[in-house]
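Student: Enclosed is the structure file data_32.csv (CSV, C-alpha atoms).
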chain,number,residue,atom,x,y,z
F,1,LYS,CA,-71.7,149.4,-15.4
F,2,THR,CA,-70.7,153.1,-15.6
F,3,LEU,CA,-68.4,154.9,-18.0
F,4,SER,CA,-67.2,158.5,-17.4
F,5,VAL,CA,-65.4,161.3,-19.2
F,6,ALA,CA,-63.9,164.5,-18.0
F,7,SER,CA,-63.6,167.9,-19.7
F,8,SER,CA,-62.2,171.2,-18.4
F,9,ALA,CA,-64.6,173.2,-20.7
F,10,THR,CA,-67.2,175.4,-18.9
F,11,ASN,CA,-69.9,175.3,-21.6
F,12,LYS,CA,-70.2,171.9,-23.2
F,13,ASN,CA,-72.4,169.0,-24.4
F,14,TYR,CA,-71.8,165.3,-24.2
F,15,CYS,CA,-72.8,162.6,-26.6
F,16,TRP,CA,-72.1,158.9,-25.9
F,17,MET,CA,-71.7,156.6,-28.8
F,18,LYS,CA,-71.7,152.8,-29.2
F,19,ASP,CA,-69.8,151.4,-32.1
F,20,GLY,CA,-69.9,154.9,-33.7
F,21,LYS,CA,-73.7,155.4,-33.3
F,22,CYS,CA,-75.2,158.0,-30.9
F,23,LEU,CA,-77.1,156.6,-27.9
F,24,SER,CA,-80.3,158.0,-26.3
F,25,ASP,CA,-81.6,157.4,-22.8
F,26,GLY,CA,-84.0,154.5,-22.6
F,27,GLY,CA,-84.0,150.8,-22.0
F,28,ASN,CA,-80.9,150.0,-20.0
F,29,PHE,CA,-79.0,153.2,-21.0
F,30,SER,CA,-79.1,156.4,-19.0
F,31,GLY,CA,-76.9,159.5,-18.9
F,32,THR,CA,-76.2,159.4,-22.6
F,33,LYS,CA,-75.9,163.2,-22.8
F,34,THR,CA,-73.9,163.6,-19.6
F,35,ALA,CA,-70.4,162.9,-18.4
F,36,ILE,CA,-71.4,159.5,-16.9
F,37,LEU,CA,-73.0,156.8,-19.0
F,38,THR,CA,-74.8,154.0,-17.0
F,39,ILE,CA,-75.6,150.6,-18.5
F,40,SER,CA,-78.0,148.5,-16.4
F,41,ASN,CA,-78.8,144.8,-16.7
F,42,ILE,CA,-76.0,144.2,-19.2
F,43,THR,CA,-76.6,141.5,-21.8
F,44,SER,CA,-74.4,140.3,-24.8
F,45,ALA,CA,-76.3,142.8,-27.0
F,46,ASP,CA,-74.5,145.6,-25.0
F,47,PHE,CA,-71.0,144.4,-25.8
F,48,GLY,CA,-69.1,146.8,-28.0
F,49,SER,CA,-67.0,149.9,-28.2
F,50,TYR,CA,-68.1,153.1,-26.3
F,51,THR,CA,-66.9,156.6,-26.9
F,52,ALA,CA,-67.9,160.0,-25.5
F,53,ARG,CA,-67.9,163.0,-27.8
F,54,VAL,CA,-67.5,166.3,-26.0
F,55,ILE,CA,-68.4,169.6,-27.7
F,56,SER,CA,-67.0,172.8,-26.1
F,57,TYR,CA,-68.7,176.1,-26.6
F,58,ASP,CA,-66.1,178.2,-24.6
F,59,THR,CA,-65.1,181.3,-26.5
F,60,SER,CA,-61.5,180.7,-25.8
F,61,ASN,CA,-61.6,177.0,-26.8
F,62,PRO,CA,-64.5,176.0,-29.1
F,63,THR,CA,-63.7,172.5,-30.1
F,64,SER,CA,-65.1,168.9,-30.4
F,65,PHE,CA,-63.2,165.8,-29.4
F,66,ALA,CA,-63.8,162.1,-28.8
F,67,ALA,CA,-62.5,160.5,-25.7
F,68,THR,CA,-60.6,157.3,-25.6
F,69,THR,CA,-62.7,154.3,-26.6
F,70,ALA,CA,-63.7,151.8,-23.9
F,71,SER,CA,-64.6,148.2,-24.8
F,72,LEU,CA,-67.4,146.3,-23.0
F,73,THR,CA,-66.9,142.5,-23.3
F,74,GLN,CA,-67.6,139.3,-21.4
F,75,SER,CA,-64.9,138.9,-18.9
F,76,THR,CA,-63.7,135.5,-17.8
F,77,SER,CA,-62.7,137.1,-14.5
F,78,CYS,CA,-66.4,137.4,-13.7
F,79,GLY,CA,-66.7,133.7,-13.3
F,80,SER,CA,-66.1,130.3,-14.8
F,81,THR,CA,-67.1,129.5,-18.4
F,82,THR,CA,-68.2,126.0,-17.1
F,83,ASN,CA,-71.9,125.4,-17.0
F,84,LEU,CA,-72.6,124.7,-13.4
F,85,ALA,CA,-76.0,123.2,-14.0
F,86,LEU,CA,-74.8,120.5,-16.5
F,87,ASN,CA,-76.1,117.0,-15.4
F,88,LYS,CA,-77.2,118.3,-11.9
F,89,THR,CA,-80.4,117.4,-10.1
F,90,VAL,CA,-83.5,119.2,-11.4
F,91,THR,CA,-87.0,119.4,-10.1
F,92,ALA,CA,-90.1,121.2,-11.4
F,93,SER,CA,-93.6,122.2,-10.5
F,94,SER,CA,-94.8,119.7,-13.2
F,95,PHE,CA,-94.1,118.0,-16.5
F,96,VAL,CA,-96.7,117.3,-19.1
F,97,ALA,CA,-95.8,113.7,-20.1
F,98,ALA,CA,-93.0,111.1,-20.4
F,99,GLY,CA,-90.3,112.4,-22.7
F,100,TYR,CA,-90.5,115.9,-21.3
F,101,GLU,CA,-89.0,115.4,-17.8
F,102,PRO,CA,-87.2,118.2,-15.9
F,103,TYR,CA,-83.7,116.7,-16.2
F,104,LYS,CA,-83.8,117.3,-19.9
F,105,VAL,CA,-82.9,120.9,-19.3
F,106,VAL,CA,-79.4,120.1,-18.0
F,107,ASP,CA,-78.4,117.3,-20.4
F,108,GLY,CA,-76.3,119.6,-22.6
F,109,ASN,CA,-78.6,119.3,-25.7
F,110,THR,CA,-80.0,122.6,-26.7
F,111,ALA,CA,-82.0,121.4,-29.7
F,112,ALA,CA,-83.5,118.0,-29.3
F,113,THR,CA,-84.5,117.3,-25.7
F,114,ARG,CA,-86.7,119.6,-23.5
F,115,TRP,CA,-88.8,120.0,-20.4
F,116,ALA,CA,-92.5,120.9,-20.9
F,117,SER,CA,-94.7,121.9,-18.1
F,118,ALA,CA,-98.4,121.3,-17.5
F,119,TYR,CA,-100.6,123.7,-19.4
F,120,SER,CA,-102.2,125.8,-16.7
F,121,GLY,CA,-101.0,128.2,-14.0
F,122,ASP,CA,-97.5,129.5,-13.1
F,123,GLN,CA,-94.8,126.9,-13.4
F,124,TRP,CA,-91.2,126.7,-12.2
F,125,ILE,CA,-88.1,124.6,-12.8
F,126,GLN,CA,-85.0,124.5,-10.6
F,127,VAL,CA,-81.6,123.1,-10.5
F,128,ASP,CA,-79.5,122.0,-7.4
F,129,LEU,CA,-76.0,123.1,-8.2
F,130,GLY,CA,-74.6,120.9,-5.5
F,131,ALA,CA,-72.8,123.7,-3.7
F,132,SER,CA,-73.0,127.4,-3.2
F,133,TYR,CA,-71.9,129.7,-6.1
F,134,ASN,CA,-71.8,133.3,-6.9
F,135,VAL,CA,-74.0,133.3,-9.9
F,136,ASN,CA,-73.5,136.0,-12.5
F,137,ARG,CA,-75.0,134.5,-15.7
F,138,VAL,CA,-78.0,132.3,-16.7
F,139,LYS,CA,-78.6,131.2,-20.2
F,140,LEU,CA,-82.0,129.9,-21.2
F,141,THR,CA,-82.8,128.1,-24.5
F,142,TRP,CA,-86.6,128.0,-24.9
F,143,ASP,CA,-88.9,126.1,-27.2
F,144,ASP,CA,-91.6,128.1,-29.0
F,145,ALA,CA,-93.7,127.7,-25.8
F,146,TYR,CA,-91.4,130.2,-24.0
F,147,ALA,CA,-92.0,132.5,-21.1
F,148,LYS,CA,-92.8,136.1,-21.9
F,149,ASN,CA,-92.5,137.0,-18.2
F,150,TYR,CA,-90.4,135.1,-15.7
F,151,GLN,CA,-88.1,135.5,-12.7
F,152,ILE,CA,-84.6,134.1,-12.1
F,153,ARG,CA,-84.4,133.3,-8.5
F,154,ILE,CA,-81.7,131.9,-6.2
F,155,SER,CA,-81.7,130.2,-2.8
F,156,SER,CA,-79.3,128.8,-0.3
F,157,ASN,CA,-81.7,126.2,1.1
F,158,GLY,CA,-84.4,125.7,-1.6
F,159,THR,CA,-87.0,127.3,0.6
F,160,SER,CA,-86.3,131.0,0.9
F,161,TRP,CA,-85.8,132.7,-2.5
F,162,THR,CA,-84.2,135.9,-3.8
F,163,THR,CA,-85.0,137.3,-7.2
F,164,LEU,CA,-81.9,137.9,-9.3
F,165,ARG,CA,-83.9,139.4,-12.2
F,166,SER,CA,-87.5,139.8,-13.3
F,167,VAL,CA,-87.9,139.6,-17.1
F,168,THR,CA,-90.9,141.1,-18.8
F,169,ASN,CA,-92.1,141.1,-22.4
F,170,ASN,CA,-89.5,138.6,-23.6
F,171,THR,CA,-89.8,137.8,-27.3
F,172,THR,CA,-86.8,135.7,-28.0
F,173,LEU,CA,-86.0,132.0,-27.6
F,174,ILE,CA,-82.4,132.4,-26.4
F,175,ASN,CA,-82.1,134.5,-23.2
F,176,ASP,CA,-78.5,135.1,-22.1
F,177,GLN,CA,-78.9,137.0,-18.9
F,178,THR,CA,-75.6,138.4,-17.7
F,179,ALA,CA,-74.4,140.8,-14.9
F,180,LEU,CA,-76.4,138.9,-12.3
F,181,ALA,CA,-75.3,139.0,-8.7
F,182,GLY,CA,-76.5,136.4,-6.2
F,183,THR,CA,-75.2,133.6,-4.1
F,184,GLY,CA,-76.9,130.2,-3.5
F,185,ARG,CA,-77.1,126.5,-4.3
F,186,TYR,CA,-80.5,126.4,-6.0
F,187,LEU,CA,-81.4,128.3,-9.1
F,188,ARG,CA,-85.1,128.6,-10.2
F,189,ILE,CA,-86.8,129.9,-13.3
F,190,ASN,CA,-90.4,130.9,-12.3
F,191,GLY,CA,-92.7,131.4,-15.3
F,192,THR,CA,-95.6,133.8,-14.9
F,193,VAL,CA,-96.8,134.7,-18.4
F,194,LYS,CA,-96.8,132.3,-21.4
F,195,ALA,CA,-96.0,133.1,-25.0
F,196,LEU,CA,-98.6,130.4,-26.1
F,197,PRO,CA,-101.5,130.7,-23.6
F,198,ALA,CA,-103.0,127.3,-24.6
F,199,TRP,CA,-99.8,125.5,-23.7
F,200,GLY,CA,-97.3,125.4,-20.9
F,201,TYR,CA,-93.7,126.4,-20.6
F,202,SER,CA,-91.0,124.5,-22.5
F,203,LEU,CA,-87.3,124.8,-22.1
F,204,TYR,CA,-84.5,123.0,-24.0
F,205,GLU,CA,-81.6,124.0,-21.7
F,206,LEU,CA,-80.9,125.9,-18.5
F,207,GLU,CA,-77.2,126.9,-18.1
F,208,VAL,CA,-75.8,128.6,-15.0
F,209,PHE,CA,-72.4,130.2,-14.7
F,210,GLY,CA,-70.5,131.7,-11.8
F,211,ALA,CA,-67.7,131.1,-9.3
F,212,PRO,CA,-67.4,129.5,-5.8
Please express the file's structure as structure tokens.
Tutor:
Amino acid sequence: KTLSVASSATNKNYCWMKDGKCLSDGGNFSGTKTAILTISNITSADFGSYTARVISYDTSNPTSFAATTASLTQSTSCGSTTNLALNKTVTASSFVAAGYEPYKVVDGNTAATRWASAYSGDQWIQVDLGASYNVNRVKLTWDDAYAKNYQIRISSNGTSWTTLRSVTNNTTLINDQTALAGTGRYLRINGTVKALPAWGYSLYELEVFGAP
């Protein structure tokens, strides 16, 4: 996502603000002191009001002004609000015991039922959406045995995979990954680094959103 501002001043500085607070380059923000602000890998934490302040140093017109505010929100036009994964067919690389089967991640219960993998090695879990969709959002609700590093992958045939996003150094149990862009029938979460090394990966719910 890019936001831009224009000024006729010759000598000027820019400062982009979110909800009235100045931004700095880093993370998913770049261009915070230029005419064009770029926000990469947008999540719900980035939603808010953005304004550019322009300071002119021209002798004939020394001034400071704030541009019109732009709001960044979740748009329903980006896809359906229906969870495409709900009650669909799920498979996984493993599950640790009865009661922790893969299908628990698509039963609509984000607090009581969960999948838990075997304790060793990389593990994955995938859902067959039943048809091809343009996926733009994936929401994961983890147990304490969450993935620190993982990949969100998509496939049209369940064999050849494309990575929609690689997540590293995750520290939260609810991961709402937005602004994804990929088309396929199968959606896979591939865990590569565990938060609790002695255990496996455990996920309460896998939700997928998009449009045909």
Student: F:Lys88, F:Ala35, F:Asp128, F:Asp58: which is nearest Gly108 (chain F), counting only C-alpha atoms?
Tutor: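 Between F:Lys88, F:Ala35, F:Asp128, F:Asp58, the residue approaching Gly108 (chain F) most closely is F:Lys88.
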Student: Which of these, F:Ser56, F:Thr69, F:Ser202, F:Thr141, has the shortest distance to Tyr119 (chain F) once you count all atoms listed in the file?
Tutor: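 When distances to Tyr119 (chain F) are compared using all atoms listed in the file, the smallest one comes from F:Ser202.
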Student: Return the single residue from F:Ala118, F:Val90, F:Ala67, F:Ala179 that is closest to Pro197 (chain F), with distances computed using only C-alpha atoms.
Tutor: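 Ranked by minimum distance to Pro197 (chain F), first place goes to F:Ala118.
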Student: For a cutoff of 7 Å around the file-coordinate point (-73.8, 158.1, -22.4), which residues qualify once you count all atoms listed in the file? I'd like the result as a ChimeraX atom specification.
Tutor: /F:15-17,23,30-34,36-38,52
Student: The selected residues should be written to file as a short mmCIF file (atom, residue, chain, number, x, y, z; two decimals), keeping the file's coordinate frame (atoms: C-alpha atoms).
Tutor:
data_model
loop_
_atom_site.label_atom_id
_atom_site.label_comp_id
_atom_site.auth_asym_id
_atom_site.auth_seq_id
_atom_site.Cartn_x
_atom_site.Cartn_y
_atom_site.Cartn_z
CA CYS F 15 -72.80 162.60 -26.60
CA TRP F 16 -72.10 158.90 -25.90
CA MET F 17 -71.70 156.60 -28.80
CA LEU F 23 -77.10 156.60 -27.90
CA SER F 30 -79.10 156.40 -19.00
CA GLY F 31 -76.90 159.50 -18.90
CA THR F 32 -76.20 159.40 -22.60
CA LYS F 33 -75.90 163.20 -22.80
CA THR F 34 -73.90 163.60 -19.60
CA ILE F 36 -71.40 159.50 -16.90
CA LEU F 37 -73.00 156.80 -19.00
CA THR F 38 -74.80 154.00 -17.00
CA ALA F 52 -67.90 160.00 -25.50
#
Student: With distances taken over all atoms listed in the file, which residue among F:Ile154, F:Ala70, F:Ala195, F:Cys22 lies nearest Lys1 (chain F)?
Tutor: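 Between F:Ile154, F:Ala70, F:Ala195, F:Cys22, the residue approaching Lys1 (chain F) most closely is F:Ala70.
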Student: Of the candidates F:Thr113, F:Ser44, F:Thr192, F:Thr73, which shows the shortest atom-to-atom distance to Asn149 (chain F), using all atoms listed in the file?
Tutor: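 Looking at the shortest contact to Asn149 (chain F), the residue is F:Thr192.
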Student: Just checking: using all atoms listed in the file, which residue out of F:Ile189, F:Ala181, F:Ile42, F:Ala198 ends up closest to Ala211 (chain F)?
Tutor: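 With all atoms listed in the file as the atom set, the closest residue is F:Ala181.
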Student: Dump as a list in words all residues having an atom at most 10 Å from (-89.6, 136.2, -28.4), computed in the file's coordinates with all atoms listed in the file.
Tutor: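 So the residues meeting the distance criterion are Trp142, Asp144, Ala145, Tyr146, Ala147, Lys148, Asn169, Asn170, Thr171, Thr172, Leu173, Ile174, Asn175 and Ala195 of chain F.
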Student: Have a look at CA of Thr110 (chain F) and CA of Phe209 (chain F) and let me know their distance in Å, one decimal.
Tutor: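 Between these atoms lies a distance of 16.1 Å.
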Student: List as a list in words the protein and nucleic acid residues near Thr163 (chain F), meaning an atom at most 7 Å away when all atoms listed in the file are counted, but skip any in the same chain fewer than 5 places from it.
Tutor: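 The contact residues come out as Gln151, Ile152, Arg153 and Ile154 of chain F.
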Student: Mind pulling up the distance from CA of Ser40 (chain F) to CA of Ala6 (chain F)?
Tutor: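 Rounded to one decimal, the two atoms are 21.4 Å apart.
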Student: Residues near Ala112 (chain F), anyone? I mean within 10 Å using all atoms listed in the file, not counting same-chain ones fewer than 6 positions away, as a list in words.
Tutor: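 Selected residues are Lys104, Asp143, Tyr204 and Glu205 of chain F.
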Student: Would you mind writing region 47-66 of chain F with N, CA, C and O atoms, as a JSON list (two decimals), in the frame of the given file?
Tutor:
[["chain", "number", "residue", "atom", "x", "y", "z"],
["F", 47, "PHE", "N", -72.46, 144.45, -25.58],
["F", 47, "PHE", "CA", -71.00, 144.40, -25.80],
["F", 47, "PHE", "C", -70.64, 145.23, -27.01],
["F", 47, "PHE", "O", -71.33, 145.23, -28.02],
["F", 48, "GLY", "N", -69.54, 145.96, -26.93],
["F", 48, "GLY", "CA", -69.10, 146.80, -28.00],
["F", 48, "GLY", "C", -68.15, 147.87, -27.57],
["F", 48, "GLY", "O", -67.65, 147.85, -26.44],
["F", 49, "SER", "N", -67.91, 148.85, -28.45],
["F", 49, "SER", "CA", -67.00, 149.90, -28.20],
["F", 49, "SER", "C", -67.78, 151.22, -27.85],
["F", 49, "SER", "O", -68.65, 151.61, -28.63],
["F", 50, "TYR", "N", -67.44, 151.86, -26.74],
["F", 50, "TYR", "CA", -68.10, 153.10, -26.30],
["F", 50, "TYR", "C", -67.17, 154.25, -26.27],
["F", 50, "TYR", "O", -66.05, 154.15, -25.78],
["F", 51, "THR", "N", -67.66, 155.38, -26.81],
["F", 51, "THR", "CA", -66.90, 156.60, -26.90],
["F", 51, "THR", "C", -67.74, 157.80, -26.53],
["F", 51, "THR", "O", -68.90, 157.85, -26.95],
["F", 52, "ALA", "N", -67.19, 158.73, -25.77],
["F", 52, "ALA", "CA", -67.90, 160.00, -25.50],
["F", 52, "ALA", "C", -67.36, 161.09, -26.36],
["F", 52, "ALA", "O", -66.14, 161.29, -26.44],
["F", 53, "ARG", "N", -68.26, 161.80, -27.05],
["F", 53, "ARG", "CA", -67.90, 163.00, -27.80],
["F", 53, "ARG", "C", -68.27, 164.22, -26.97],
["F", 53, "ARG", "O", -69.40, 164.32, -26.51],
["F", 54, "VAL", "N", -67.30, 165.11, -26.79],
["F", 54, "VAL", "CA", -67.50, 166.30, -26.00],
["F", 54, "VAL", "C", -67.40, 167.53, -26.94],
["F", 54, "VAL", "O", -66.43, 167.66, -27.69],
["F", 55, "ILE", "N", -68.39, 168.39, -26.89],
["F", 55, "ILE", "CA", -68.40, 169.60, -27.70],
["F", 55, "ILE", "C", -68.31, 170.81, -26.77],
["F", 55, "ILE", "O", -69.18, 171.01, -25.92],
["F", 56, "SER", "N", -67.24, 171.59, -26.92],
["F", 56, "SER", "CA", -67.00, 172.80, -26.10],
["F", 56, "SER", "C", -67.51, 174.03, -26.80],
["F", 56, "SER", "O", -67.22, 174.23, -27.98],
["F", 57, "TYR", "N", -68.25, 174.87, -26.04],
["F", 57, "TYR", "CA", -68.70, 176.10, -26.60],
["F", 57, "TYR", "C", -68.00, 177.33, -25.95],
["F", 57, "TYR", "O", -68.40, 178.48, -26.13],
["F", 58, "ASP", "N", -66.92, 177.10, -25.23],
["F", 58, "ASP", "CA", -66.10, 178.20, -24.60],
["F", 58, "ASP", "C", -65.55, 179.06, -25.72],
["F", 58, "ASP", "O", -64.97, 178.56, -26.69],
["F", 59, "THR", "N", -65.64, 180.37, -25.54],
["F", 59, "THR", "CA", -65.10, 181.30, -26.50],
["F", 59, "THR", "C", -63.62, 181.12, -26.75],
["F", 59, "THR", "O", -63.12, 181.18, -27.87],
["F", 60, "SER", "N", -62.92, 180.84, -25.67],
["F", 60, "SER", "CA", -61.50, 180.70, -25.80],
["F", 60, "SER", "C", -61.04, 179.32, -26.32],
["F", 60, "SER", "O", -59.90, 179.16, -26.75],
["F", 61, "ASN", "N", -61.96, 178.37, -26.32],
["F", 61, "ASN", "CA", -61.60, 177.00, -26.80],
["F", 61, "ASN", "C", -62.79, 176.29, -27.35],
["F", 61, "ASN", "O", -63.22, 175.27, -26.82],
["F", 62, "PRO", "N", -63.37, 176.78, -28.44],
["F", 62, "PRO", "CA", -64.50, 176.00, -29.10],
["F", 62, "PRO", "C", -63.92, 174.84, -29.83],
["F", 62, "PRO", "O", -63.11, 174.99, -30.75],
["F", 63, "THR", "N", -64.31, 173.68, -29.44],
["F", 63, "THR", "CA", -63.70, 172.50, -30.10],
["F", 63, "THR", "C", -64.65, 171.29, -29.84],
["F", 63, "THR", "O", -65.61, 171.35, -29.05],
["F", 64, "SER", "N", -64.36, 170.22, -30.53],
["F", 64, "SER", "CA", -65.10, 168.90, -30.40],
["F", 64, "SER", "C", -64.04, 167.83, -30.38],
["F", 64, "SER", "O", -63.13, 167.83, -31.22],
["F", 65, "PHE", "N", -64.15, 166.92, -29.41],
["F", 65, "PHE", "CA", -63.20, 165.80, -29.40],
["F", 65, "PHE", "C", -63.88, 164.55, -28.91],
["F", 65, "PHE", "O", -64.90, 164.60, -28.21],
["F", 66, "ALA", "N", -63.31, 163.42, -29.28],
["F", 66, "ALA", "CA", -63.80, 162.10, -28.80],
["F", 66, "ALA", "C", -62.83, 161.56, -27.81],
["F", 66, "ALA", "O", -61.61, 161.58, -28.01]]
